[in-house]
$ cat target.tsv   # TSV, N, CA and C atoms
chain	number	residue	atom	x	y	z
J	1	MET	N	96.38	109.07	84.01
J	1	MET	CA	95.70	107.91	83.40
J	1	MET	C	96.28	106.62	83.97
J	2	PRO	N	95.46	105.82	84.63
J	2	PRO	CA	95.99	104.59	85.23
J	2	PRO	C	96.41	103.59	84.15
J	3	ASN	N	97.44	102.81	84.45
J	3	ASN	CA	97.87	101.83	83.46
J	3	ASN	C	97.30	100.46	83.76
J	4	ASN	N	96.51	100.34	84.85
J	4	ASN	CA	95.82	99.11	85.21
J	4	ASN	C	96.73	97.92	85.48
J	5	LYS	N	97.98	98.15	85.75
J	5	LYS	CA	98.89	97.06	86.13
J	5	LYS	C	98.86	96.98	87.66
J	6	THR	N	98.80	95.76	88.16
J	6	THR	CA	98.72	95.56	89.60
J	6	THR	C	99.98	94.88	90.11
J	7	ILE	N	100.53	95.46	91.17
J	7	ILE	CA	101.75	94.96	91.78
J	7	ILE	C	101.45	94.59	93.22
J	8	LEU	N	101.94	93.43	93.62
J	8	LEU	CA	101.84	93.02	95.02
J	8	LEU	C	103.22	93.19	95.65
J	9	ILE	N	103.28	93.96	96.73
J	9	ILE	CA	104.52	94.11	97.48
J	9	ILE	C	104.42	93.19	98.70
J	10	VAL	N	105.35	92.24	98.79
J	10	VAL	CA	105.39	91.32	99.93
J	10	VAL	C	106.59	91.73	100.78
J	11	GLU	N	106.30	92.46	101.84
J	11	GLU	CA	107.36	93.07	102.65
J	11	GLU	C	106.85	93.26	104.07
J	12	ASP	N	107.60	92.77	105.05
J	12	ASP	CA	107.14	92.89	106.44
J	12	ASP	C	107.65	94.16	107.13
J	13	ASP	N	108.54	94.90	106.48
J	13	ASP	CA	109.00	96.18	107.03
J	13	ASP	C	108.04	97.27	106.54
J	14	LYS	N	107.21	97.75	107.48
J	14	LYS	CA	106.13	98.68	107.12
J	14	LYS	C	106.63	99.93	106.40
J	15	SER	N	107.75	100.50	106.87
J	15	SER	CA	108.23	101.74	106.26
J	15	SER	C	108.70	101.52	104.82
J	16	ILE	N	109.37	100.39	104.57
J	16	ILE	CA	109.81	100.08	103.20
J	16	ILE	C	108.58	99.84	102.31
J	17	ALA	N	107.65	99.04	102.81
J	17	ALA	CA	106.44	98.72	102.04
J	17	ALA	C	105.66	99.97	101.68
J	18	GLU	N	105.49	100.87	102.65
J	18	GLU	CA	104.70	102.09	102.38
J	18	GLU	C	105.42	103.04	101.43
J	19	ALA	N	106.74	103.14	101.57
J	19	ALA	CA	107.51	104.01	100.66
J	19	ALA	C	107.41	103.49	99.22
J	20	LEU	N	107.55	102.18	99.06
J	20	LEU	CA	107.42	101.58	97.72
J	20	LEU	C	106.01	101.78	97.18
J	21	GLN	N	105.02	101.56	98.04
J	21	GLN	CA	103.63	101.71	97.61
J	21	GLN	C	103.38	103.12	97.10
J	22	LEU	N	103.82	104.11	97.84
J	22	LEU	CA	103.63	105.51	97.42
J	22	LEU	C	104.31	105.78	96.08
J	23	LYS	N	105.56	105.35	95.96
J	23	LYS	CA	106.32	105.59	94.73
J	23	LYS	C	105.64	104.93	93.53
J	24	LEU	N	105.15	103.72	93.71
J	24	LEU	CA	104.52	103.00	92.60
J	24	LEU	C	103.13	103.55	92.28
J	25	GLN	N	102.42	104.04	93.29
J	25	GLN	CA	101.11	104.64	93.03
J	25	GLN	C	101.27	105.94	92.24
J	26	VAL	N	102.34	106.67	92.50
J	26	VAL	CA	102.62	107.88	91.74
J	26	VAL	C	102.83	107.52	90.26
J	27	SER	N	103.43	106.33	90.04
J	27	SER	CA	103.62	105.84	88.67
J	27	SER	C	102.36	105.19	88.11
J	28	LYS	N	101.24	105.38	88.81
J	28	LYS	CA	99.91	104.92	88.36
J	28	LYS	C	99.71	103.40	88.39
J	29	PHE	N	100.45	102.71	89.25
J	29	PHE	CA	100.21	101.28	89.41
J	29	PHE	C	99.19	101.06	90.52
J	30	ASN	N	98.39	99.99	90.40
J	30	ASN	CA	97.57	99.54	91.52
J	30	ASN	C	98.53	98.76	92.42
J	31	VAL	N	98.55	99.07	93.70
J	31	VAL	CA	99.51	98.41	94.58
J	31	VAL	C	98.79	97.75	95.75
J	32	LEU	N	99.12	96.48	95.96
J	32	LEU	CA	98.59	95.73	97.09
J	32	LEU	C	99.76	95.40	98.01
J	33	LEU	N	99.49	95.28	99.30
J	33	LEU	CA	100.54	94.96	100.26
J	33	LEU	C	100.21	93.67	101.00
J	34	ALA	N	101.25	92.85	101.21
J	34	ALA	CA	101.14	91.67	102.07
J	34	ALA	C	102.34	91.69	103.00
J	35	THR	N	102.12	91.33	104.26
J	35	THR	CA	103.22	91.39	105.23
J	35	THR	C	103.80	90.02	105.56
J	36	ASN	N	103.20	88.95	105.03
J	36	ASN	CA	103.77	87.62	105.25
J	36	ASN	C	103.45	86.70	104.07
J	37	GLY	N	104.11	85.57	104.03
J	37	GLY	CA	103.97	84.65	102.91
J	37	GLY	C	102.58	84.07	102.73
J	38	GLU	N	101.93	83.72	103.82
J	38	GLU	CA	100.57	83.15	103.72
J	38	GLU	C	99.59	84.16	103.16
J	39	GLN	N	99.65	85.38	103.68
J	39	GLN	CA	98.77	86.44	103.21
J	39	GLN	C	99.02	86.69	101.71
J	40	ALA	N	100.29	86.72	101.32
J	40	ALA	CA	100.64	86.94	99.91
J	40	ALA	C	100.08	85.83	99.03
J	41	LEU	N	100.18	84.59	99.50
J	41	LEU	CA	99.68	83.45	98.72
J	41	LEU	C	98.17	83.55	98.51
J	42	ASN	N	97.44	83.94	99.57
J	42	ASN	CA	95.99	84.12	99.45
J	42	ASN	C	95.66	85.22	98.45
J	43	MET	N	96.42	86.31	98.47
J	43	MET	CA	96.16	87.43	97.55
J	43	MET	C	96.47	87.04	96.10
J	44	VAL	N	97.55	86.30	95.92
J	44	VAL	CA	97.94	85.89	94.56
J	44	VAL	C	96.85	85.03	93.92
J	45	LYS	N	96.19	84.22	94.74
J	45	LYS	CA	95.14	83.35	94.22
J	45	LYS	C	93.87	84.12	93.87
J	46	LYS	N	93.65	85.28	94.53
J	46	LYS	CA	92.43	86.06	94.32
J	46	LYS	C	92.57	87.16	93.28
J	47	GLU	N	93.72	87.80	93.25
J	47	GLU	CA	93.91	88.99	92.43
J	47	GLU	C	94.58	88.65	91.10
J	48	LYS	N	94.38	89.51	90.11
J	48	LYS	CA	95.12	89.36	88.86
J	48	LYS	C	96.34	90.28	88.96
J	49	LEU	N	97.50	89.67	89.12
J	49	LEU	CA	98.72	90.45	89.35
J	49	LEU	C	99.61	90.47	88.11
J	50	ASP	N	100.30	91.58	87.93
J	50	ASP	CA	101.27	91.69	86.84
J	50	ASP	C	102.69	91.48	87.35
J	51	LEU	N	102.89	91.78	88.64
J	51	LEU	CA	104.24	91.69	89.19
J	51	LEU	C	104.17	91.54	90.71
J	52	ILE	N	105.12	90.80	91.25
J	52	ILE	CA	105.25	90.68	92.70
J	52	ILE	C	106.65	91.16	93.08
J	53	LEU	N	106.69	92.06	94.03
J	53	LEU	CA	107.95	92.53	94.61
J	53	LEU	C	108.09	91.78	95.92
J	54	LEU	N	109.06	90.89	96.02
J	54	LEU	CA	109.09	89.89	97.09
J	54	LEU	C	110.32	89.99	97.97
J	55	ASP	N	110.07	90.15	99.26
J	55	ASP	CA	111.15	90.06	100.24
J	55	ASP	C	111.33	88.58	100.56
J	56	ILE	N	112.54	88.19	101.00
J	56	ILE	CA	112.79	86.78	101.33
J	56	ILE	C	112.51	86.50	102.80
J	57	ILE	N	112.97	87.39	103.67
J	57	ILE	CA	112.80	87.17	105.11
J	57	ILE	C	111.46	87.77	105.54
J	58	ILE	N	110.43	86.94	105.45
J	58	ILE	CA	109.08	87.36	105.84
J	58	ILE	C	108.46	86.27	106.72
J	59	PRO	N	107.52	86.64	107.59
J	59	PRO	CA	106.89	85.64	108.47
J	59	PRO	C	105.99	84.65	107.72
J	60	LYS	N	105.74	83.54	108.36
J	60	LYS	CA	104.76	82.51	107.98
J	60	LYS	C	105.12	81.68	106.75
J	61	MET	N	105.93	82.17	105.85
J	61	MET	CA	106.42	81.39	104.71
J	61	MET	C	107.48	82.27	104.07
J	62	ASN	N	108.72	81.79	104.01
J	62	ASN	CA	109.74	82.69	103.47
J	62	ASN	C	109.56	82.91	101.97
J	63	GLY	N	110.23	83.92	101.46
J	63	GLY	CA	110.06	84.31	100.06
J	63	GLY	C	110.44	83.22	99.07
J	64	PHE	N	111.49	82.45	99.39
J	64	PHE	CA	111.88	81.36	98.48
J	64	PHE	C	110.77	80.31	98.39
J	65	ASP	N	110.19	79.94	99.54
J	65	ASP	CA	109.10	78.94	99.54
J	65	ASP	C	107.88	79.48	98.80
J	66	PHE	N	107.58	80.76	99.03
J	66	PHE	CA	106.45	81.40	98.35
J	66	PHE	C	106.67	81.35	96.83
J	67	LEU	N	107.86	81.73	96.39
J	67	LEU	CA	108.18	81.76	94.96
J	67	LEU	C	108.07	80.37	94.35
J	68	GLU	N	108.62	79.39	95.05
J	68	GLU	CA	108.56	78.01	94.57
J	68	GLU	C	107.10	77.55	94.44
J	69	THR	N	106.28	77.90	95.42
J	69	THR	CA	104.86	77.52	95.41
J	69	THR	C	104.13	78.12	94.22
J	70	ILE	N	104.30	79.42	93.96
J	70	ILE	CA	103.54	80.02	92.85
J	70	ILE	C	104.08	79.56	91.50
J	71	LYS	N	105.37	79.28	91.40
J	71	LYS	CA	105.93	78.85	90.11
J	71	LYS	C	105.51	77.43	89.75
J	72	LYS	N	105.05	76.65	90.75
J	72	LYS	CA	104.55	75.29	90.49
J	72	LYS	C	103.09	75.31	90.06
J	73	ASP	N	102.41	76.43	90.26
J	73	ASP	CA	100.98	76.54	89.96
J	73	ASP	C	100.80	77.06	88.54
J	74	PRO	N	100.19	76.25	87.66
J	74	PRO	CA	100.04	76.68	86.25
J	74	PRO	C	99.32	78.01	86.09
J	75	LYS	N	98.40	78.34	87.01
J	75	LYS	CA	97.65	79.61	86.90
J	75	LYS	C	98.48	80.81	87.36
J	76	LEU	N	99.51	80.57	88.15
J	76	LEU	CA	100.26	81.66	88.76
J	76	LEU	C	101.69	81.79	88.24
J	77	LYS	N	102.18	80.76	87.56
J	77	LYS	CA	103.61	80.69	87.24
J	77	LYS	C	104.12	81.80	86.32
J	78	ASP	N	103.20	82.46	85.58
J	78	ASP	CA	103.65	83.49	84.64
J	78	ASP	C	103.75	84.89	85.25
J	79	ILE	N	103.36	85.03	86.51
J	79	ILE	CA	103.48	86.34	87.17
J	79	ILE	C	104.97	86.64	87.36
J	80	LYS	N	105.37	87.83	86.93
J	80	LYS	CA	106.78	88.23	87.10
J	80	LYS	C	107.05	88.51	88.58
J	81	VAL	N	108.21	88.05	89.04
J	81	VAL	CA	108.60	88.27	90.44
J	81	VAL	C	109.98	88.90	90.49
J	82	ILE	N	110.07	90.01	91.22
J	82	ILE	CA	111.37	90.61	91.51
J	82	ILE	C	111.62	90.40	93.00
J	83	ILE	N	112.72	89.74	93.31
J	83	ILE	CA	113.08	89.59	94.71
J	83	ILE	C	113.80	90.85	95.15
J	84	MET	N	113.43	91.32	96.33
J	84	MET	CA	114.06	92.50	96.90
J	84	MET	C	114.40	92.14	98.34
J	85	SER	N	115.68	91.92	98.61
J	85	SER	CA	116.05	91.37	99.91
J	85	SER	C	117.34	91.97	100.43
J	86	ASN	N	117.56	91.80	101.72
J	86	ASN	CA	118.86	92.16	102.29
J	86	ASN	C	119.85	91.00	102.14
J	87	LEU	N	119.35	89.83	101.72
J	87	LEU	CA	120.24	88.71	101.48
J	87	LEU	C	120.95	88.93	100.15
J	88	GLY	N	122.22	89.33	100.22
J	88	GLY	CA	122.92	89.68	98.99
J	88	GLY	C	123.98	88.68	98.58
J	89	GLN	N	123.99	87.51	99.24
J	89	GLN	CA	124.99	86.49	98.90
J	89	GLN	C	124.72	85.96	97.49
J	90	GLU	N	125.79	85.68	96.76
J	90	GLU	CA	125.67	85.12	95.41
J	90	GLU	C	124.76	83.89	95.41
J	91	MET	N	124.92	83.06	96.45
J	91	MET	CA	124.13	81.83	96.57
J	91	MET	C	122.62	82.15	96.63
J	92	ASP	N	122.26	83.17	97.41
J	92	ASP	CA	120.85	83.56	97.54
J	92	ASP	C	120.31	84.10	96.21
J	93	ILE	N	121.12	84.92	95.55
J	93	ILE	CA	120.72	85.51	94.27
J	93	ILE	C	120.49	84.41	93.24
J	94	GLU	N	121.44	83.47	93.15
J	94	GLU	CA	121.30	82.36	92.19
J	94	GLU	C	120.08	81.50	92.53
J	95	HIS	N	119.86	81.25	93.83
J	95	HIS	CA	118.72	80.44	94.25
J	95	HIS	C	117.41	81.12	93.83
J	96	GLY	N	117.30	82.42	94.09
J	96	GLY	CA	116.09	83.17	93.71
J	96	GLY	C	115.83	83.12	92.21
J	97	LYS	N	116.89	83.31	91.42
J	97	LYS	CA	116.72	83.29	89.96
J	97	LYS	C	116.41	81.88	89.47
J	98	SER	N	117.00	80.87	90.11
J	98	SER	CA	116.72	79.49	89.70
J	98	SER	C	115.27	79.11	89.98
J	99	LEU	N	114.66	79.76	90.97
J	99	LEU	CA	113.24	79.50	91.28
J	99	LEU	C	112.30	80.27	90.35
J	100	GLY	N	112.86	81.17	89.53
J	100	GLY	CA	112.01	81.85	88.56
J	100	GLY	C	111.89	83.36	88.70
J	101	ALA	N	112.63	83.96	89.62
J	101	ALA	CA	112.57	85.42	89.75
J	101	ALA	C	113.18	86.06	88.50
J	102	VAL	N	112.56	87.13	88.00
J	102	VAL	CA	113.10	87.82	86.82
J	102	VAL	C	114.26	88.74	87.19
J	103	ASP	N	114.33	89.10	88.48
J	103	ASP	CA	115.43	89.96	88.93
J	103	ASP	C	115.58	89.79	90.43
J	104	TYR	N	116.76	90.19	90.92
J	104	TYR	CA	117.06	90.08	92.35
J	104	TYR	C	117.75	91.36	92.76
J	105	LEU	N	117.10	92.14	93.60
J	105	LEU	CA	117.67	93.41	94.03
J	105	LEU	C	118.07	93.32	95.50
J	106	VAL	N	119.27	93.78	95.81
J	106	VAL	CA	119.70	93.85	97.20
J	106	VAL	C	119.29	95.23	97.71
J	107	LYS	N	118.45	95.24	98.75
J	107	LYS	CA	117.85	96.50	99.25
J	107	LYS	C	118.89	97.59	99.49
J	108	SER	N	120.02	97.22	100.09
J	108	SER	CA	121.02	98.24	100.45
J	108	SER	C	121.71	98.83	99.22
J	109	ASP	N	121.57	98.14	98.06
J	109	ASP	CA	122.25	98.60	96.84
J	109	ASP	C	121.38	99.44	95.91
J	110	CYS	N	120.10	99.60	96.25
J	110	CYS	CA	119.25	100.35	95.31
J	110	CYS	C	118.28	101.23	96.07
J	111	ASP	N	117.89	102.32	95.41
J	111	ASP	CA	116.88	103.17	96.05
J	111	ASP	C	115.53	102.95	95.38
J	112	ILE	N	114.52	103.52	95.98
J	112	ILE	CA	113.16	103.30	95.52
J	112	ILE	C	112.95	103.77	94.08
J	113	GLY	N	113.61	104.85	93.71
J	113	GLY	CA	113.52	105.33	92.33
J	113	GLY	C	114.03	104.30	91.33
J	114	ASP	N	115.15	103.64	91.67
J	114	ASP	CA	115.71	102.60	90.80
J	114	ASP	C	114.73	101.43	90.66
J	115	ILE	N	114.14	101.06	91.78
J	115	ILE	CA	113.19	99.94	91.77
J	115	ILE	C	111.99	100.29	90.90
J	116	ALA	N	111.47	101.50	91.03
J	116	ALA	CA	110.32	101.93	90.23
J	116	ALA	C	110.65	101.92	88.74
J	117	LYS	N	111.86	102.39	88.39
J	117	LYS	CA	112.27	102.37	86.97
J	117	LYS	C	112.34	100.95	86.43
J	118	LYS	N	112.91	100.06	87.23
J	118	LYS	CA	113.03	98.66	86.81
J	118	LYS	C	111.64	98.06	86.57
J	119	ILE	N	110.70	98.36	87.46
J	119	ILE	CA	109.34	97.84	87.32
J	119	ILE	C	108.68	98.43	86.08
J	120	ASP	N	108.86	99.75	85.87
J	120	ASP	CA	108.32	100.40	84.67
J	120	ASP	C	108.79	99.68	83.42
J	121	SER	N	110.09	99.40	83.34
J	121	SER	CA	110.63	98.80	82.12
J	121	SER	C	110.17	97.34	81.98
J	122	LEU	N	110.03	96.63	83.09
J	122	LEU	CA	109.57	95.25	83.01
J	122	LEU	C	108.10	95.15	82.56
J	123	LEU	N	107.30	96.11	82.97
J	123	LEU	CA	105.86	96.04	82.66
J	123	LEU	C	105.47	96.91	81.46
J	124	ALA	N	106.44	97.54	80.84
J	124	ALA	CA	106.12	98.42	79.70
J	124	ALA	C	105.56	97.65	78.54
$ encode --input "target.tsv" --output "C-alpha cells"
Amino acid sequence: MPNNKTILIVEDDKSIAEALQLKLQVSKFNVLLATNGEQALNMVKKEKLDLILLDIIIPKMNGFDFLETIKKDPKLKDIKVIIMSNLGQEMDIEHGKSLGAVDYLVKSDCDIGDIAKKIDSLLA
C-alpha cells in the first residue's frame, strides 16, 4: 500500500542516487531524482514534495544555495530537507542546519538502511 509521500533526491552520483531510490521505493515512497541544483529547483516548484534528500556538492547550484532559495519561498519553506553530504566539517553541518535542514548526514558515516529509517521516522 503506497503511503503517497514524495521524496526528491538531489544527488549527482548516479550509483548513490539509484541505490537510495530503490531503497525508498521498497518503503513505498514516490521518489524523484535531480542531478543538479537548477533541475531540483524546477522540480520543487512543480511537484508536491514531503522531503528533500540534498547533497551539497552538486552542479549548477550548490546544495546550500538551493536550500537557502527554497527556505526563502513561502510556498516551499515547509518542505523538510535532510542534507546528505561528504562535507562532514562541524562548520558545514552548522551552516546546513542554520539554513533550515532538519538533519545533516555525512555519507561515509551512514548506510542506506539508516537513511531510510530516518526518513520513515521523519515522515511518519
$ axis_aligned_box --input "target.tsv" --around "segment 93-108 of chain J" --padding-each-side "6 Å" --output "JSON"
{"center_x": 116.8, "center_y": 89.0, "center_z": 93.6, "size_x": 21.8, "size_y": 31.7, "size_z": 25.6}
$ closest_residue --input "target.tsv" --among "J:Met84, J:Leu51, J:Ile93, J:Leu99" --to "Leu122 of chain J" --atoms "only C-alpha atoms"
J:Leu51
$ closest_residue --input "target.tsv" --among "J:Glu47, J:Asp55, J:Asp103, J:Glu68" --to "Lys80 of chain J" --atoms "all atoms listed in the file"
J:Asp103
$ select_by_dssp --input "target.tsv" --residues "segment 21-55 of chain J" --states "alpha helix (DSSP H)" --output "list of chain:residue names"
J:Gln21, J:Leu22, J:Lys23, J:Leu24, J:Gln25, J:Val26, J:Gly37, J:Glu38, J:Gln39, J:Ala40, J:Leu41, J:Asn42, J:Met43, J:Val44, J:Lys45, J:Lys46
$ write_last_selection --input "target.tsv" --atoms "N, CA and C atoms" --output "mmCIF file, in the frame of the given file"
data_model
loop_
_atom_site.group_PDB
_atom_site.id
_atom_site.type_symbol
_atom_site.label_atom_id
_atom_site.label_comp_id
_atom_site.auth_asym_id
_atom_site.auth_seq_id
_atom_site.Cartn_x
_atom_site.Cartn_y
_atom_site.Cartn_z
ATOM 1 N N GLN J 21 105.020 101.560 98.040
ATOM 2 C CA GLN J 21 103.630 101.710 97.610
ATOM 3 C C GLN J 21 103.380 103.120 97.100
ATOM 4 N N LEU J 22 103.820 104.110 97.840
ATOM 5 C CA LEU J 22 103.630 105.510 97.420
ATOM 6 C C LEU J 22 104.310 105.780 96.080
ATOM 7 N N LYS J 23 105.560 105.350 95.960
ATOM 8 C CA LYS J 23 106.320 105.590 94.730
ATOM 9 C C LYS J 23 105.640 104.930 93.530
ATOM 10 N N LEU J 24 105.150 103.720 93.710
ATOM 11 C CA LEU J 24 104.520 103.000 92.600
ATOM 12 C C LEU J 24 103.130 103.550 92.280
ATOM 13 N N GLN J 25 102.420 104.040 93.290
ATOM 14 C CA GLN J 25 101.110 104.640 93.030
ATOM 15 C C GLN J 25 101.270 105.940 92.240
ATOM 16 N N VAL J 26 102.340 106.670 92.500
ATOM 17 C CA VAL J 26 102.620 107.880 91.740
ATOM 18 C C VAL J 26 102.830 107.520 90.260
ATOM 19 N N GLY J 37 104.110 85.570 104.030
ATOM 20 C CA GLY J 37 103.970 84.650 102.910
ATOM 21 C C GLY J 37 102.580 84.070 102.730
ATOM 22 N N GLU J 38 101.930 83.720 103.820
ATOM 23 C CA GLU J 38 100.570 83.150 103.720
ATOM 24 C C GLU J 38 99.590 84.160 103.160
ATOM 25 N N GLN J 39 99.650 85.380 103.680
ATOM 26 C CA GLN J 39 98.770 86.440 103.210
ATOM 27 C C GLN J 39 99.020 86.690 101.710
ATOM 28 N N ALA J 40 100.290 86.720 101.320
ATOM 29 C CA ALA J 40 100.640 86.940 99.910
ATOM 30 C C ALA J 40 100.080 85.830 99.030
ATOM 31 N N LEU J 41 100.180 84.590 99.500
ATOM 32 C CA LEU J 41 99.680 83.450 98.720
ATOM 33 C C LEU J 41 98.170 83.550 98.510
ATOM 34 N N ASN J 42 97.440 83.940 99.570
ATOM 35 C CA ASN J 42 95.990 84.120 99.450
ATOM 36 C C ASN J 42 95.660 85.220 98.450
ATOM 37 N N MET J 43 96.420 86.310 98.470
ATOM 38 C CA MET J 43 96.160 87.430 97.550
ATOM 39 C C MET J 43 96.470 87.040 96.100
ATOM 40 N N VAL J 44 97.550 86.300 95.920
ATOM 41 C CA VAL J 44 97.940 85.890 94.560
ATOM 42 C C VAL J 44 96.850 85.030 93.920
ATOM 43 N N LYS J 45 96.190 84.220 94.740
ATOM 44 C CA LYS J 45 95.140 83.350 94.220
ATOM 45 C C LYS J 45 93.870 84.120 93.870
ATOM 46 N N LYS J 46 93.650 85.280 94.530
ATOM 47 C CA LYS J 46 92.430 86.060 94.320
ATOM 48 C C LYS J 46 92.570 87.160 93.280
#
$ closest_residue --input "target.tsv" --among "J:Cys110, J:Lys14, J:Met43, J:Phe64" --to "His95 of chain J" --atoms "all atoms listed in the file"
J:Phe64
$ closest_residue --input "target.tsv" --among "J:Leu87, J:Ala19, J:Val10, J:Leu123" --to "Ser108 of chain J" --atoms "all atoms listed in the file"
J:Leu87
